[in-house]
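A.B. asks: The structure's right below; bear with me while I get my questions together.
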Amino acid sequence: MKLLPAIDLIGGQAVRLEEGRRDRVTVFHDRPVELVAELARGGADRLHVVDLDGAFAGAPQQQELIRQIVAASPIPVEVGGGIRDRAAIDGVLELGAQYVVLGTAAVRSPALVEEACRAHPGRVIVAVDARDGVVAVDGWTASGGVTAVELGQRAASWGCAALLYTDVSRDGLHVGPNIEMTAQLTRAVSCEVIASGGVGSLDDLVRLRDAGIAAVVVGRAIYDKRFTVDEAAEVAHARA
C-alpha cells in the first residue's frame, strides 16, 4: 500500500481541519516547505497537497507555495483544492505536480474532467468526498446529489488515474477510516482507490492494507505524533 502524507494549506501555513470545517483548524507548521524533506525521507511514496483556500474560494490561491513544495520534493506530488477549469488543471501540472486532484469539478463539470483525463492520461485523480455515502462538493459545504459509488464509476470510465475517497465525517478526527466503504468502492471500479479520512493509528493502516486498499493519505496522525512517517511506511509497505 502506498503512503501519502498530506500537507493542507491555509494562508501559507500547513494545517488540518476537523470534518473539513474551516472554523475547526489547527496550524501545524508556519513554513510548509520545510516539511517536505522530512516526510519524503521517512519513506512516503508521494505527497498529497491541498490548497484549502482554493477549495473554499473555488479557484487556486497558493500557486507559488505549491510550486516551492513541488520543487523541494524528491518524490511525486499530487495537488488539489479549487481546481475547477482547464486553465487551473494545466496550471497545476505546469508547476511540476505529477497528479492533479479534481473533486467538485467532477460533479459540476463532468465533461471538463473527462476531457482532462484524456488530455493528461494517468495524471488526473478524482476526489470522491462523501458524507453518509453521498458526495460533498464546494469545499465539502454542499451535497453533490450523487453517491460515492456512482461518481467513482463515472470517473473510472473517463480514464482517471485513481479515486481519492474521503469520508468527510471522519476527516481529522482519529476515529478510524471507513474501511467498508473504501473497500466497496475498490470493488466497484477498475482503477486504484486511495483511502483518506480518519486514520489515527498504525492499526488503521494495517486494516486498510489487509483490505487490499491501494494507497492511503495520512495527515493529522503524523502531525499529532501518533506515529512517525517511518513507522507508517513500514506498515503500509509490508505484505498483507
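Letters A, B, ... mark the chains of the C-alpha cells in the order given; residue numbers begin at 1 per chain; ligand numbers begin at 1, in order shown.
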Quick one: pick out all strand (DSSP E or B) residues within range 21-119 of chain A from a backbone DSSP run and write them as a list in words.

C.D. replies: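 After running DSSP on the backbone, range 21-119 of chain A has strand (DSSP E or B) at Arg21, Arg22, Asp23, Arg24, Val25, Thr26, Val27, Phe28, His29, Leu47, His48, Val49, Val50, Asp51, Val77, Glu78, Val79, Gly80, Tyr99, Val100, Val101 and Leu102 of chain A.
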
A.B. asks: Near range 73-77 of chain A, counting only C-alpha atoms, which residues have an atom at most 8 Å away, once you skip same-chain residues fewer than 3 positions from it, shown as a count of residues only?

C.D. replies: 14

A.B. asks: Might you pull out every residue within 7 Å of range 11-13 of chain A, with only C-alpha atoms counted and same-chain residues fewer than 3 positions away left off, and present them as a PyMOL selection string?

C.D. replies: chain A and resi 27+29-32

A.B. asks: For Ala127 in chain A, work out the shell of residues within 8 Å, counting only C-alpha atoms and skipping chain neighbours fewer than 2 positions away, then give it as a PDB file with C-alpha atoms, in the first residue's frame.

C.D. replies:
```
ATOM      1  CA  VAL A 101      -6.862  16.115  -7.942  1.00  0.00           C
ATOM      2  CA  LEU A 102     -10.343  17.167  -9.074  1.00  0.00           C
ATOM      3  CA  GLY A 103     -13.377  16.969  -6.791  1.00  0.00           C
ATOM      4  CA  ILE A 125      -7.151  11.798  -9.698  1.00  0.00           C
ATOM      5  CA  ASP A 129     -15.535  13.187  -0.862  1.00  0.00           C
ATOM      6  CA  LEU A 163     -10.040   7.805  -6.964  1.00  0.00           C
ATOM      7  CA  LEU A 164      -9.346   9.586  -3.684  1.00  0.00           C
ATOM      8  CA  TYR A 165     -12.085   8.512  -1.277  1.00  0.00           C
ATOM      9  CA  THR A 166     -12.562  10.646   1.833  1.00  0.00           C
TER      10      THR A 166
END
```

A.B. asks: For a test of reading the model, state the distance in Å between CA of Ala59 in chain A and CA of His120 in chain A, rounded to one decimal.

C.D. replies: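 A separation of 19.9 Å between them.
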
A.B. asks: Show which residues sit within 12 Å of Val126 in chain A, as a ChimeraX atom specification. Count only C-alpha atoms, and ignore same-chain residues fewer than 4 positions away.

C.D. replies: /A:78-81,83-84,99-107,110,113-114,116-117,122,135,148,151-166,191-194

A.B. asks: Filtering to N, CA and C atoms, could you give me those residues as a short mmCIF file (atom, residue, chain, number, x, y, z; two decimals), in the first residue's frame?

C.D. replies:
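And here's again-v8.cif as it stands now:
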```
data_model
loop_
_atom_site.label_atom_id
_atom_site.label_comp_id
_atom_site.auth_asym_id
_atom_site.auth_seq_id
_atom_site.Cartn_x
_atom_site.Cartn_y
_atom_site.Cartn_z
N GLU A 78 0.91 15.18 -5.59
CA GLU A 78 -0.42 15.38 -6.15
C GLU A 78 -1.02 16.60 -5.49
N VAL A 79 -1.75 17.40 -6.28
CA VAL A 79 -2.25 18.69 -5.80
C VAL A 79 -3.74 18.82 -6.09
N GLY A 80 -4.49 19.25 -5.08
CA GLY A 80 -5.91 19.52 -5.25
C GLY A 80 -6.31 20.77 -4.51
N GLY A 81 -7.58 21.16 -4.69
CA GLY A 81 -8.11 22.32 -3.98
C GLY A 81 -8.49 23.45 -4.91
N ILE A 83 -9.55 23.44 -8.01
CA ILE A 83 -9.14 23.29 -9.42
C ILE A 83 -10.39 22.92 -10.22
N ARG A 84 -10.98 23.90 -10.88
CA ARG A 84 -12.30 23.70 -11.47
C ARG A 84 -12.44 24.14 -12.91
N TYR A 99 0.41 14.73 -10.32
CA TYR A 99 -1.03 14.46 -10.41
C TYR A 99 -1.82 15.70 -10.02
N VAL A 100 -2.99 15.85 -10.64
CA VAL A 100 -3.94 16.89 -10.26
C VAL A 100 -5.18 16.20 -9.71
N VAL A 101 -5.70 16.72 -8.61
CA VAL A 101 -6.86 16.12 -7.94
C VAL A 101 -8.08 17.01 -8.16
N LEU A 102 -9.13 16.43 -8.75
CA LEU A 102 -10.34 17.17 -9.07
C LEU A 102 -11.52 16.58 -8.30
N GLY A 103 -12.25 17.44 -7.59
CA GLY A 103 -13.38 16.97 -6.79
C GLY A 103 -14.69 17.57 -7.25
N THR A 104 -14.92 18.83 -6.86
CA THR A 104 -16.16 19.50 -7.24
C THR A 104 -16.37 19.50 -8.75
N ALA A 105 -15.30 19.70 -9.50
CA ALA A 105 -15.42 19.74 -10.96
C ALA A 105 -15.98 18.45 -11.52
N ALA A 106 -15.68 17.31 -10.88
CA ALA A 106 -16.17 16.03 -11.38
C ALA A 106 -17.69 15.93 -11.29
N VAL A 107 -18.28 16.69 -10.36
CA VAL A 107 -19.74 16.72 -10.22
C VAL A 107 -20.34 17.85 -11.04
N PRO A 110 -18.57 17.50 -15.41
CA PRO A 110 -18.03 16.19 -15.75
C PRO A 110 -17.34 16.13 -17.11
N VAL A 113 -13.75 17.24 -16.75
CA VAL A 113 -12.88 16.26 -16.11
C VAL A 113 -12.60 15.09 -17.04
N GLU A 114 -13.60 14.67 -17.78
CA GLU A 114 -13.38 13.60 -18.76
C GLU A 114 -12.36 14.04 -19.81
N ALA A 116 -10.02 16.28 -19.36
CA ALA A 116 -8.72 16.36 -18.70
C ALA A 116 -8.09 14.98 -18.58
N CYS A 117 -8.89 13.96 -18.28
CA CYS A 117 -8.37 12.59 -18.19
C CYS A 117 -7.76 12.15 -19.51
N GLY A 122 -3.29 9.26 -17.03
CA GLY A 122 -2.54 8.80 -15.87
C GLY A 122 -2.16 9.86 -14.88
N VAL A 135 -21.82 12.29 -2.10
CA VAL A 135 -20.68 13.16 -2.40
C VAL A 135 -20.93 14.59 -1.91
N ALA A 148 -21.18 8.08 -3.75
CA ALA A 148 -19.75 7.88 -3.95
C ALA A 148 -19.49 6.83 -5.03
N LEU A 151 -20.30 8.26 -8.61
CA LEU A 151 -19.27 9.17 -9.10
C LEU A 151 -17.99 8.40 -9.42
N GLY A 152 -17.62 7.45 -8.54
CA GLY A 152 -16.42 6.66 -8.78
C GLY A 152 -16.48 5.89 -10.08
N GLN A 153 -17.61 5.29 -10.37
CA GLN A 153 -17.76 4.53 -11.60
C GLN A 153 -17.70 5.43 -12.83
N ARG A 154 -18.31 6.61 -12.73
CA ARG A 154 -18.22 7.56 -13.84
C ARG A 154 -16.76 7.96 -14.10
N ALA A 155 -16.07 8.32 -13.01
CA ALA A 155 -14.69 8.77 -13.15
C ALA A 155 -13.80 7.68 -13.71
N ALA A 156 -14.02 6.44 -13.27
CA ALA A 156 -13.22 5.33 -13.79
C ALA A 156 -13.46 5.17 -15.29
N SER A 157 -14.69 5.38 -15.73
CA SER A 157 -14.99 5.25 -17.15
C SER A 157 -14.34 6.35 -17.97
N TRP A 158 -14.05 7.49 -17.32
CA TRP A 158 -13.36 8.58 -18.02
C TRP A 158 -11.87 8.30 -18.18
N GLY A 159 -11.35 7.34 -17.43
CA GLY A 159 -9.93 7.02 -17.50
C GLY A 159 -9.09 7.72 -16.46
N CYS A 160 -9.66 8.05 -15.30
CA CYS A 160 -8.87 8.71 -14.25
C CYS A 160 -7.78 7.77 -13.74
N ALA A 161 -6.73 8.36 -13.21
CA ALA A 161 -5.61 7.57 -12.69
C ALA A 161 -5.98 6.84 -11.42
N ALA A 162 -6.83 7.47 -10.59
CA ALA A 162 -7.22 6.89 -9.31
C ALA A 162 -8.39 7.68 -8.75
N LEU A 163 -9.02 7.10 -7.74
CA LEU A 163 -10.04 7.81 -6.96
C LEU A 163 -9.47 8.06 -5.58
N LEU A 164 -9.73 9.24 -5.05
CA LEU A 164 -9.35 9.59 -3.68
C LEU A 164 -10.63 9.62 -2.87
N TYR A 165 -10.84 8.59 -2.05
CA TYR A 165 -12.08 8.51 -1.28
C TYR A 165 -11.87 9.04 0.13
N THR A 166 -12.62 10.08 0.49
CA THR A 166 -12.56 10.65 1.83
C THR A 166 -13.93 10.59 2.48
N CYS A 191 -10.06 1.22 -11.35
CA CYS A 191 -8.85 1.99 -11.06
C CYS A 191 -8.50 1.87 -9.57
N GLU A 192 -7.35 2.39 -9.19
CA GLU A 192 -6.94 2.39 -7.79
C GLU A 192 -7.83 3.32 -6.97
N VAL A 193 -7.99 2.96 -5.70
CA VAL A 193 -8.70 3.82 -4.76
C VAL A 193 -7.75 4.18 -3.62
N ILE A 194 -7.65 5.47 -3.33
CA ILE A 194 -6.82 5.98 -2.25
C ILE A 194 -7.72 6.30 -1.07
#
```

A.B. asks: I'd like to know which of A:Glu180, A:Glu64, A:Glu94, A:Asp53 is closest to Arg207 in chain A, using only C-alpha atoms.

C.D. replies: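 Comparing A:Glu180, A:Glu64, A:Glu94, A:Asp53 against Arg207 in chain A, the winner is A:Glu180.
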
A.B. asks: Just to confirm, what's the straight-line distance from CA of Val137 in chain A to CA of Val168 in chain A in Å (one decimal)?

C.D. replies: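 Rounded to one decimal, the two atoms are 10.6 Å apart.
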
A.B. asks: Which residue is closest to Leu39 in chain A? Choose from A:Val206, A:Arg123, A:Glu115, A:Ile7 and count only C-alpha atoms.

C.D. replies: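 Nearest candidate to Leu39 in chain A out of A:Val206, A:Arg123, A:Glu115, A:Ile7: A:Ile7.
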
A.B. asks: Need the shell around Gln184 in chain A: protein/DNA/RNA residues with any atom at most 12 Å away, counting only C-alpha atoms. Skip same-chain ones fewer than 2 positions apart. Format as a PDB file with C-alpha atoms, in the first residue's frame?

C.D. replies:
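selection_22.pdb written:
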```pdb
ATOM      1  CA  GLY A 133     -22.280   7.809   1.158  1.00  0.00           C
ATOM      2  CA  ALA A 148     -19.747   7.878  -3.952  1.00  0.00           C
ATOM      3  CA  VAL A 149     -20.022   4.683  -5.984  1.00  0.00           C
ATOM      4  CA  GLU A 150     -21.878   6.410  -8.825  1.00  0.00           C
ATOM      5  CA  GLY A 152     -16.425   6.657  -8.782  1.00  0.00           C
ATOM      6  CA  GLN A 153     -17.758   4.531 -11.602  1.00  0.00           C
ATOM      7  CA  TYR A 165     -12.085   8.512  -1.277  1.00  0.00           C
ATOM      8  CA  ASN A 178     -14.273   3.987   6.652  1.00  0.00           C
ATOM      9  CA  ILE A 179     -12.742   0.725   5.518  1.00  0.00           C
ATOM     10  CA  GLU A 180     -16.038  -0.864   4.500  1.00  0.00           C
ATOM     11  CA  MET A 181     -16.950   1.956   2.108  1.00  0.00           C
ATOM     12  CA  THR A 182     -13.405   2.255   0.767  1.00  0.00           C
ATOM     13  CA  THR A 186     -12.494  -0.527  -4.705  1.00  0.00           C
ATOM     14  CA  ARG A 187     -14.646  -3.487  -5.748  1.00  0.00           C
ATOM     15  CA  ALA A 188     -16.915  -1.245  -7.842  1.00  0.00           C
ATOM     16  CA  VAL A 189     -14.230   0.327 -10.070  1.00  0.00           C
ATOM     17  CA  VAL A 193      -8.704   3.818  -4.759  1.00  0.00           C
ATOM     18  CA  ALA A 195      -8.228   5.980   1.287  1.00  0.00           C
ATOM     19  CA  ALA A 211      -8.388  -4.974   2.976  1.00  0.00           C
ATOM     20  CA  GLY A 212      -6.485  -4.559  -0.285  1.00  0.00           C
ATOM     21  CA  ILE A 213      -6.623  -0.759  -0.454  1.00  0.00           C
TER      22      ILE A 213
END
```

A.B. asks: Looking at A:Asp85, A:Val199, A:Asp90, A:Asp8, which one is nearest to Val50 in chain A, with distances taken over only C-alpha atoms?

C.D. replies: A:Asp8
